[in-house]
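Contents: one structure, followed by commentary.
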Amino acid sequence: MKPGIEWRQPRASAENQQFAADLHAALSRAPKAISPKYFYDETGSRLFERICELPEYYPTRTELALLRTHAADMAAQFGGGVQLVEYGAGALLKVRLLLDALPRETVQFVPVDISGPHLLAACDGLAGDYPGLAIQPLVADFTRPHTLPPCPRGSRRVGFFPGSSIGNFTPAEADAFLRLAAAELAGGGLLIGIDLVKDEAVLHAAYNDAAGVTAAFNMNLLDRAARELGAEFPRDGFEHLAFYNPAYRRIEMHLRATRALDLQLGGEIYAFHEGETLHTEHSHKYTVSGFQAMAARAGFRPGKVWIDANRWFAVLWLEAGPP
């Protein structure tokens with residue numbers, strides 16, 4: 001870890017205990033379902049970076065193009081001094097385009113991510129490329145209560161949530177996050193990426209890539225349970241399943257049992273019948289007006305919007321109310 005980076009790391013045992021508790025709960029309910037946040041251990045984070053480079057996966061390259069073209073305009077919405085908080089920070093690639101458009105001496109950067117080792121490595125790389133940038137990584141689940149560093153005097157707090165990750169939340173979870181962010185970013189705002197409703201064939205290809213990287217990413221959730229929690233199951237007994245559900249305007253990802261099987265976890269045995277699934281992720285697709293209305297209900301005031309030529313993806317600026 002480079003000098004000047006303050007890193008807050010939770011106890012690994014507590015993380016595993018929460019993962020075990022949530023997986024037991026997921027396997028006990030019908031239908032079986034678990035939060036996609038458990039994809040993102042070090043292995044899962046690396047696999048997701050590979051997904052972002054796939055030719056079928058349009059969101060990353062489309063959002064990057066919007067950021068490259070409009071970063072100066074986006075940064076102009078922030079105002080003067082900024083405490084820039086990136087939710088679900090990951091590899092810290094997209095934020096570089098914003099940092100390049102901001103006077104570095106006016107920025108304190110707070111990347112927040114659940115995967116500690118991956119975040120630390122990314123921050124080391126960022127510190128090397130941006131000497132003098134104040135970086136305060138926070139290892140945390142940003143959807144749960146957490147404490148950000150105090151906002152520097154004369155600055156306002158601005159959130160950055162790229163990658164259309166909010167689409168992974170249920171409507172209730174998305175509302176809860178937006179309300180949390182509106183309170184946390186009071187007096188500032190939120191720059192957020194959303195994936196737009198589009199042709200189903202484009203969506204299907206993005207989540208069923210020919211190289212099988214998304215399938216490996218999906219399967220890593222159970223592989224992680226085996227590594228960290230001692231879960232036992234026939235690995236060839238599950239397959240990747242991803243499809244668009246038009247009733248909910250969302251892609252769904254599942255791990256489907258190819259035959260009747262048992263998964264053992266912490267002394268409990270959970271039976272799967274053939275074709276039964278563990279729902280691992282959904283990715284909601286939005287219209288701009290629909291998302292702005294949701295954000296307004298949570299306490300934001302809609303601002304500027306940047307959309308690509310295909311109208312596949314949008315980046316929105318949302319003003320937070322006063323403190």
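Identifiers in the structure tokens: chain A, B, ... in order shown; residue index from 1 per chain; ligand index from 1 in order shown.
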With region 268-288 of chain A as the partner and 12 Å as the cut-off, tabulate the residues of region 202-237 of chain A that qualify, each row holding the nearest pair of atoms and their distance in Å to one decimal, using only C-alpha atoms, sorted by chain and rising number, as a Markdown table.
```
| residue | atom | partner | partner_atom | distance |
| --- | --- | --- | --- | --- |
| A:Leu203 | CA | A:Lys285 | CA | 9.8 |
| A:His204 | CA | A:Ser283 | CA | 11.8 |
| A:Ala206 | CA | A:Ser283 | CA | 11.5 |
| A:Tyr207 | CA | A:Ser283 | CA | 10.0 |
| A:Thr214 | CA | A:Glu281 | CA | 11.7 |
| A:Ala215 | CA | A:Thr280 | CA | 11.5 |
| A:Phe217 | CA | A:Thr280 | CA | 10.6 |
| A:Asn218 | CA | A:Thr280 | CA | 7.4 |
| A:Met219 | CA | A:Thr280 | CA | 9.5 |
| A:Asn220 | CA | A:Thr280 | CA | 10.7 |
| A:Leu221 | CA | A:Thr280 | CA | 8.2 |
| A:Leu222 | CA | A:Leu278 | CA | 10.0 |
| A:Gly230 | CA | A:Glu268 | CA | 11.6 |
| A:Ala231 | CA | A:Glu268 | CA | 9.7 |
| A:Glu232 | CA | A:Ile269 | CA | 9.4 |
| A:Phe233 | CA | A:Tyr270 | CA | 9.8 |
| A:Pro234 | CA | A:Phe272 | CA | 11.5 |
| A:Gly237 | CA | A:Glu274 | CA | 9.3 |
```
The selected residues should be written to file as a PDB file, in the first residue's frame (atoms: N, CA and C atoms).
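The resulting selection37.pdb:
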```
ATOM      1  N   LEU A 203     -29.430  -7.787 -25.485  1.00  0.00           N
ATOM      2  CA  LEU A 203     -29.323  -8.132 -24.072  1.00  0.00           C
ATOM      3  C   LEU A 203     -28.912  -9.589 -23.884  1.00  0.00           C
ATOM      4  N   HIS A 204     -29.525 -10.482 -24.645  1.00  0.00           N
ATOM      5  CA  HIS A 204     -29.204 -11.912 -24.501  1.00  0.00           C
ATOM      6  C   HIS A 204     -27.725 -12.164 -24.778  1.00  0.00           C
ATOM      7  N   ALA A 206     -25.232 -10.143 -24.488  1.00  0.00           N
ATOM      8  CA  ALA A 206     -24.366  -9.527 -23.487  1.00  0.00           C
ATOM      9  C   ALA A 206     -24.188 -10.395 -22.250  1.00  0.00           C
ATOM     10  N   TYR A 207     -25.180 -11.230 -21.945  1.00  0.00           N
ATOM     11  CA  TYR A 207     -25.124 -12.043 -20.725  1.00  0.00           C
ATOM     12  C   TYR A 207     -24.920 -13.527 -21.012  1.00  0.00           C
ATOM     13  N   THR A 214     -19.011 -15.024 -18.607  1.00  0.00           N
ATOM     14  CA  THR A 214     -20.127 -14.713 -17.716  1.00  0.00           C
ATOM     15  C   THR A 214     -20.585 -15.963 -16.977  1.00  0.00           C
ATOM     16  N   ALA A 215     -20.543 -17.095 -17.643  1.00  0.00           N
ATOM     17  CA  ALA A 215     -20.894 -18.361 -16.978  1.00  0.00           C
ATOM     18  C   ALA A 215     -19.929 -18.648 -15.834  1.00  0.00           C
ATOM     19  N   PHE A 217     -18.165 -16.418 -14.177  1.00  0.00           N
ATOM     20  CA  PHE A 217     -18.446 -15.394 -13.175  1.00  0.00           C
ATOM     21  C   PHE A 217     -19.632 -15.813 -12.309  1.00  0.00           C
ATOM     22  N   ASN A 218     -20.668 -16.310 -12.936  1.00  0.00           N
ATOM     23  CA  ASN A 218     -21.857 -16.760 -12.230  1.00  0.00           C
ATOM     24  C   ASN A 218     -21.511 -17.943 -11.314  1.00  0.00           C
ATOM     25  N   MET A 219     -20.795 -18.923 -11.865  1.00  0.00           N
ATOM     26  CA  MET A 219     -20.447 -20.118 -11.111  1.00  0.00           C
ATOM     27  C   MET A 219     -19.506 -19.810  -9.957  1.00  0.00           C
ATOM     28  N   ASN A 220     -18.758 -18.721 -10.061  1.00  0.00           N
ATOM     29  CA  ASN A 220     -17.801 -18.386  -9.008  1.00  0.00           C
ATOM     30  C   ASN A 220     -18.481 -18.160  -7.664  1.00  0.00           C
ATOM     31  N   LEU A 221     -19.757 -17.812  -7.672  1.00  0.00           N
ATOM     32  CA  LEU A 221     -20.436 -17.621  -6.395  1.00  0.00           C
ATOM     33  C   LEU A 221     -20.424 -18.916  -5.584  1.00  0.00           C
ATOM     34  N   LEU A 222     -20.746 -20.047  -6.237  1.00  0.00           N
ATOM     35  CA  LEU A 222     -20.707 -21.322  -5.526  1.00  0.00           C
ATOM     36  C   LEU A 222     -19.278 -21.790  -5.297  1.00  0.00           C
ATOM     37  N   GLY A 230     -16.584 -23.983   2.870  1.00  0.00           N
ATOM     38  CA  GLY A 230     -16.562 -25.447   2.881  1.00  0.00           C
ATOM     39  C   GLY A 230     -17.800 -26.090   2.289  1.00  0.00           C
ATOM     40  N   ALA A 231     -18.545 -25.347   1.477  1.00  0.00           N
ATOM     41  CA  ALA A 231     -19.735 -25.916   0.834  1.00  0.00           C
ATOM     42  C   ALA A 231     -19.340 -27.087  -0.067  1.00  0.00           C
ATOM     43  N   GLU A 232     -20.183 -28.097  -0.113  1.00  0.00           N
ATOM     44  CA  GLU A 232     -19.932 -29.277  -0.939  1.00  0.00           C
ATOM     45  C   GLU A 232     -21.114 -29.489  -1.878  1.00  0.00           C
ATOM     46  N   PHE A 233     -20.801 -29.700  -3.156  1.00  0.00           N
ATOM     47  CA  PHE A 233     -21.823 -29.920  -4.171  1.00  0.00           C
ATOM     48  C   PHE A 233     -21.127 -30.442  -5.420  1.00  0.00           C
ATOM     49  N   PRO A 234     -21.837 -31.138  -6.291  1.00  0.00           N
ATOM     50  CA  PRO A 234     -21.230 -31.564  -7.560  1.00  0.00           C
ATOM     51  C   PRO A 234     -21.121 -30.368  -8.500  1.00  0.00           C
ATOM     52  N   GLY A 237     -22.957 -30.183 -11.595  1.00  0.00           N
ATOM     53  CA  GLY A 237     -24.406 -30.277 -11.439  1.00  0.00           C
ATOM     54  C   GLY A 237     -25.133 -28.966 -11.638  1.00  0.00           C
TER      55      GLY A 237
END
```
(request) Please run DSSP on the backbone and report, as an MDAnalysis selection string, all residues within region 150-288 of chain A that come out as strand (DSSP E or B). (result) chainID A and resid 155:161 189:196 232 238:245 250:257 261:265 268:272 277:284 286
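Using only C-alpha atoms for every distance, the candidate list A:Met294, A:Val85, A:Leu263, A:Ala21 yields A:Met294 as the residue closest to Glu173 (chain A).
With only C-alpha atoms taken into account, the protein and nucleic acid residues at most 12 Å from Phe313 (chain A) (excluding it and anything under 4 positions from it in its own chain) are Tyr58, Pro59, Thr60, Arg61, Thr62, Glu63, Leu64, Ala65, Leu66, Leu67, Pro162, Gly163, Ser164, Ile192, Gly193, Ile194, Asp195, Leu196, Val197, Lys198, Lys285, Tyr286, Thr287, Val288, Val305, Trp306, Ile307, Asp308 and Ala309 of chain A.
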For the residues in the current selection, export N, CA and C atoms as a short mmCIF file (atom, residue, chain, number, x, y, z; two decimals), in the first residue's frame.
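Produced file part.cif, reproduced below:
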```cif
data_model
loop_
_atom_site.label_atom_id
_atom_site.label_comp_id
_atom_site.auth_asym_id
_atom_site.auth_seq_id
_atom_site.Cartn_x
_atom_site.Cartn_y
_atom_site.Cartn_z
N TYR A 58 -21.82 -4.64 -24.16
CA TYR A 58 -21.83 -3.26 -24.61
C TYR A 58 -21.80 -2.22 -23.47
N PRO A 59 -22.30 -2.50 -22.24
CA PRO A 59 -22.43 -1.40 -21.27
C PRO A 59 -21.13 -0.68 -20.96
N THR A 60 -20.04 -1.43 -20.77
CA THR A 60 -18.79 -0.79 -20.35
C THR A 60 -18.24 0.12 -21.44
N ARG A 61 -18.14 -0.38 -22.67
CA ARG A 61 -17.55 0.46 -23.72
C ARG A 61 -18.46 1.64 -24.05
N THR A 62 -19.78 1.46 -23.93
CA THR A 62 -20.70 2.54 -24.23
C THR A 62 -20.61 3.64 -23.18
N GLU A 63 -20.56 3.23 -21.91
CA GLU A 63 -20.43 4.23 -20.85
C GLU A 63 -19.08 4.92 -20.90
N LEU A 64 -18.02 4.16 -21.18
CA LEU A 64 -16.70 4.77 -21.31
C LEU A 64 -16.67 5.82 -22.41
N ALA A 65 -17.34 5.53 -23.54
CA ALA A 65 -17.38 6.50 -24.63
C ALA A 65 -18.11 7.77 -24.20
N LEU A 66 -19.19 7.61 -23.44
CA LEU A 66 -19.90 8.79 -22.94
C LEU A 66 -19.01 9.61 -21.99
N LEU A 67 -18.28 8.90 -21.13
CA LEU A 67 -17.40 9.60 -20.20
C LEU A 67 -16.27 10.32 -20.93
N PRO A 162 -21.11 4.27 -11.52
CA PRO A 162 -21.16 3.89 -12.93
C PRO A 162 -21.54 2.42 -13.12
N GLY A 163 -21.59 2.01 -14.39
CA GLY A 163 -21.73 0.60 -14.71
C GLY A 163 -23.14 0.05 -14.69
N SER A 164 -24.14 0.88 -14.50
CA SER A 164 -25.54 0.44 -14.40
C SER A 164 -25.73 -0.56 -13.27
N ILE A 192 -24.67 8.95 -12.19
CA ILE A 192 -25.01 7.53 -12.19
C ILE A 192 -25.25 7.03 -13.60
N GLY A 193 -24.80 5.81 -13.89
CA GLY A 193 -25.03 5.17 -15.17
C GLY A 193 -26.20 4.21 -15.09
N ILE A 194 -27.05 4.22 -16.13
CA ILE A 194 -28.18 3.28 -16.18
C ILE A 194 -28.23 2.64 -17.57
N ASP A 195 -28.58 1.36 -17.59
CA ASP A 195 -28.75 0.63 -18.83
C ASP A 195 -30.19 0.81 -19.30
N LEU A 196 -30.37 1.13 -20.57
CA LEU A 196 -31.70 1.45 -21.08
C LEU A 196 -32.38 0.24 -21.70
N VAL A 197 -33.70 0.28 -21.73
CA VAL A 197 -34.49 -0.76 -22.40
C VAL A 197 -34.10 -0.80 -23.87
N LYS A 198 -33.91 -2.02 -24.42
CA LYS A 198 -33.45 -2.16 -25.80
C LYS A 198 -33.85 -3.52 -26.36
N LYS A 285 -33.48 -2.82 -16.62
CA LYS A 285 -33.27 -1.84 -17.68
C LYS A 285 -34.32 -0.74 -17.51
N TYR A 286 -33.90 0.50 -17.76
CA TYR A 286 -34.75 1.64 -17.43
C TYR A 286 -35.02 2.51 -18.65
N THR A 287 -36.03 3.35 -18.52
CA THR A 287 -36.16 4.53 -19.37
C THR A 287 -35.62 5.71 -18.56
N VAL A 288 -35.16 6.75 -19.26
CA VAL A 288 -34.61 7.91 -18.55
C VAL A 288 -35.69 8.56 -17.67
N VAL A 305 -28.49 14.94 -18.74
CA VAL A 305 -28.47 13.53 -19.15
C VAL A 305 -27.61 13.40 -20.40
N TRP A 306 -26.78 12.37 -20.43
CA TRP A 306 -25.94 12.08 -21.60
C TRP A 306 -26.28 10.67 -22.08
N ILE A 307 -26.63 10.53 -23.38
CA ILE A 307 -27.07 9.25 -23.95
C ILE A 307 -26.28 8.98 -25.22
N ASP A 308 -25.92 7.72 -25.46
CA ASP A 308 -25.17 7.36 -26.67
C ASP A 308 -26.10 7.38 -27.89
N ALA A 309 -25.50 7.31 -29.06
CA ALA A 309 -26.25 7.42 -30.32
C ALA A 309 -27.23 6.27 -30.50
#
```
(request) From a DSSP calculation on the backbone, collect every residue of region 46-291 of chain A in alpha helix (DSSP H) and output the set as JSON, numbers by chain. (result) {"A": [46, 47, 48, 49, 50, 51, 52, 58, 59, 60, 61, 62, 63, 64, 65, 66, 67, 68, 69, 70, 71, 72, 73, 74, 75, 76, 95, 96, 97, 98, 99, 116, 117, 118, 119, 120, 121, 122, 123, 124, 125, 126, 127, 128, 129, 171, 172, 173, 174, 175, 176, 177, 178, 179, 180, 181, 182, 183, 184, 200, 201, 202, 203, 204, 205, 206, 207, 213, 214, 215, 216, 217, 218, 219, 220, 221, 222, 223, 224, 225, 226, 227, 228, 229, 288, 289, 290, 291]}
(message) Can you pull out the residues contacting Leu99 (chain A)? Cut-off 10 Å, using only C-alpha atoms, and skip same-chain residues under 4 positions away; I want them as an MDAnalysis selection string.
(response) chainID A and resid 71:72 75 84 94:95 103:104 107 109 130 133
Once you have the residues from the selection above, write them out as an mmCIF file, in the first residue's frame, restricted to N, CA and C atoms.
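Contents of the output file out-v2.cif:
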```cif
data_model
loop_
_atom_site.group_PDB
_atom_site.id
_atom_site.type_symbol
_atom_site.label_atom_id
_atom_site.label_comp_id
_atom_site.auth_asym_id
_atom_site.auth_seq_id
_atom_site.Cartn_x
_atom_site.Cartn_y
_atom_site.Cartn_z
ATOM 1 N N ALA A 71 -16.820 14.075 -20.166
ATOM 2 C CA ALA A 71 -16.290 14.167 -18.798
ATOM 3 C C ALA A 71 -16.198 15.605 -18.313
ATOM 4 N N ALA A 72 -15.765 16.520 -19.169
ATOM 5 C CA ALA A 72 -15.630 17.916 -18.744
ATOM 6 C C ALA A 72 -16.993 18.512 -18.377
ATOM 7 N N ALA A 75 -18.062 16.883 -15.072
ATOM 8 C CA ALA A 75 -17.310 17.440 -13.945
ATOM 9 C C ALA A 75 -17.758 18.862 -13.628
ATOM 10 N N LEU A 84 -15.172 13.126 -3.847
ATOM 11 C CA LEU A 84 -15.770 12.268 -4.852
ATOM 12 C C LEU A 84 -15.844 10.846 -4.309
ATOM 13 N N LYS A 94 -13.101 3.925 -14.811
ATOM 14 C CA LYS A 94 -13.942 5.000 -15.332
ATOM 15 C C LYS A 94 -13.714 6.317 -14.593
ATOM 16 N N VAL A 95 -13.433 6.231 -13.303
ATOM 17 C CA VAL A 95 -13.278 7.462 -12.528
ATOM 18 C C VAL A 95 -12.074 8.273 -13.003
ATOM 19 N N PRO A 103 -9.565 19.698 -11.333
ATOM 20 C CA PRO A 103 -8.298 20.132 -10.733
ATOM 21 C C PRO A 103 -7.957 19.206 -9.566
ATOM 22 N N ARG A 104 -6.860 18.481 -9.700
ATOM 23 C CA ARG A 104 -6.563 17.402 -8.745
ATOM 24 C C ARG A 104 -6.455 17.908 -7.311
ATOM 25 N N VAL A 107 -9.698 17.757 -5.108
ATOM 26 C CA VAL A 107 -10.445 16.500 -5.016
ATOM 27 C C VAL A 107 -9.910 15.621 -3.891
ATOM 28 N N PHE A 109 -10.690 11.704 -3.024
ATOM 29 C CA PHE A 109 -11.362 10.572 -3.658
ATOM 30 C C PHE A 109 -11.579 9.454 -2.637
ATOM 31 N N TYR A 130 -1.634 9.081 -10.284
ATOM 32 C CA TYR A 130 -2.139 10.401 -9.895
ATOM 33 C C TYR A 130 -1.455 10.846 -8.599
ATOM 34 N N LEU A 133 -2.915 12.963 -5.381
ATOM 35 C CA LEU A 133 -4.353 12.818 -5.183
ATOM 36 C C LEU A 133 -4.619 12.215 -3.807
#
```
(request) Find the spatial neighbours of Phe161 (chain A), counting only C-alpha atoms, within a cut-off of 12 Å - ignore same-chain residues fewer than 6 positions away - and output them as number ranges by chain. (result) A: 63, 84-90, 92, 94-95, 111-113, 142, 167, 177-178, 181, 189-194, 315-318
Okay, now the selection with C-alpha atoms, as a PDB file, in the first residue's frame?
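Wrote it out as again-v8.pdb, contents follow:
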```pdb
ATOM      1  CA  GLU A  63     -20.434   4.227 -20.850  1.00  0.00           C
ATOM      2  CA  LEU A  84     -15.770  12.268  -4.852  1.00  0.00           C
ATOM      3  CA  VAL A  85     -17.292   9.015  -3.556  1.00  0.00           C
ATOM      4  CA  GLU A  86     -17.365   6.080  -5.978  1.00  0.00           C
ATOM      5  CA  TYR A  87     -19.850   3.386  -4.972  1.00  0.00           C
ATOM      6  CA  GLY A  88     -18.820  -0.150  -5.950  1.00  0.00           C
ATOM      7  CA  ALA A  89     -15.488   1.219  -7.116  1.00  0.00           C
ATOM      8  CA  GLY A  90     -13.954  -1.975  -8.559  1.00  0.00           C
ATOM      9  CA  LEU A  92     -11.146   2.412 -10.762  1.00  0.00           C
ATOM     10  CA  LYS A  94     -13.942   5.000 -15.332  1.00  0.00           C
ATOM     11  CA  VAL A  95     -13.278   7.462 -12.528  1.00  0.00           C
ATOM     12  CA  PRO A 111     -13.645   4.633  -3.432  1.00  0.00           C
ATOM     13  CA  VAL A 112     -16.014   2.244  -1.651  1.00  0.00           C
ATOM     14  CA  ASP A 113     -16.043  -1.470  -2.463  1.00  0.00           C
ATOM     15  CA  PHE A 142     -22.263   0.622   0.458  1.00  0.00           C
ATOM     16  CA  GLY A 167     -29.964  -2.328 -12.095  1.00  0.00           C
ATOM     17  CA  PHE A 177     -29.991   3.078  -1.980  1.00  0.00           C
ATOM     18  CA  LEU A 178     -31.130   6.302  -3.649  1.00  0.00           C
ATOM     19  CA  ALA A 181     -27.312   8.407  -1.225  1.00  0.00           C
ATOM     20  CA  GLY A 189     -25.188  15.206  -6.181  1.00  0.00           C
ATOM     21  CA  LEU A 190     -24.875  11.835  -7.863  1.00  0.00           C
ATOM     22  CA  LEU A 191     -23.532  10.920 -11.311  1.00  0.00           C
ATOM     23  CA  ILE A 192     -25.006   7.533 -12.190  1.00  0.00           C
ATOM     24  CA  GLY A 193     -25.032   5.169 -15.174  1.00  0.00           C
ATOM     25  CA  ILE A 194     -28.177   3.280 -16.183  1.00  0.00           C
ATOM     26  CA  VAL A 315     -25.404   8.776 -17.584  1.00  0.00           C
ATOM     27  CA  LEU A 316     -27.536  11.039 -15.379  1.00  0.00           C
ATOM     28  CA  TRP A 317     -26.674  13.915 -13.076  1.00  0.00           C
ATOM     29  CA  LEU A 318     -28.911  14.098 -10.010  1.00  0.00           C
TER      30      LEU A 318
END
```
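Interatomic distance, CA of Gly116 (chain A) to CA of Ser45 (chain A): 10.7 Å.
The smallest atom-to-atom distance between Leu93 (chain A) and any of A:Pro31, A:Gly267, A:Pro171, A:Gly125, using only C-alpha atoms, is found for A:Gly125.
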(message) Quick check, in Å to one decimal: how far apart do CA of Phe48 (chain A) and CA of Leu119 (chain A) lie?
(response) 13.7 Å
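Put simply, CA of Ala242 (chain A) is 17.7 Å away from CA of Arg50 (chain A).
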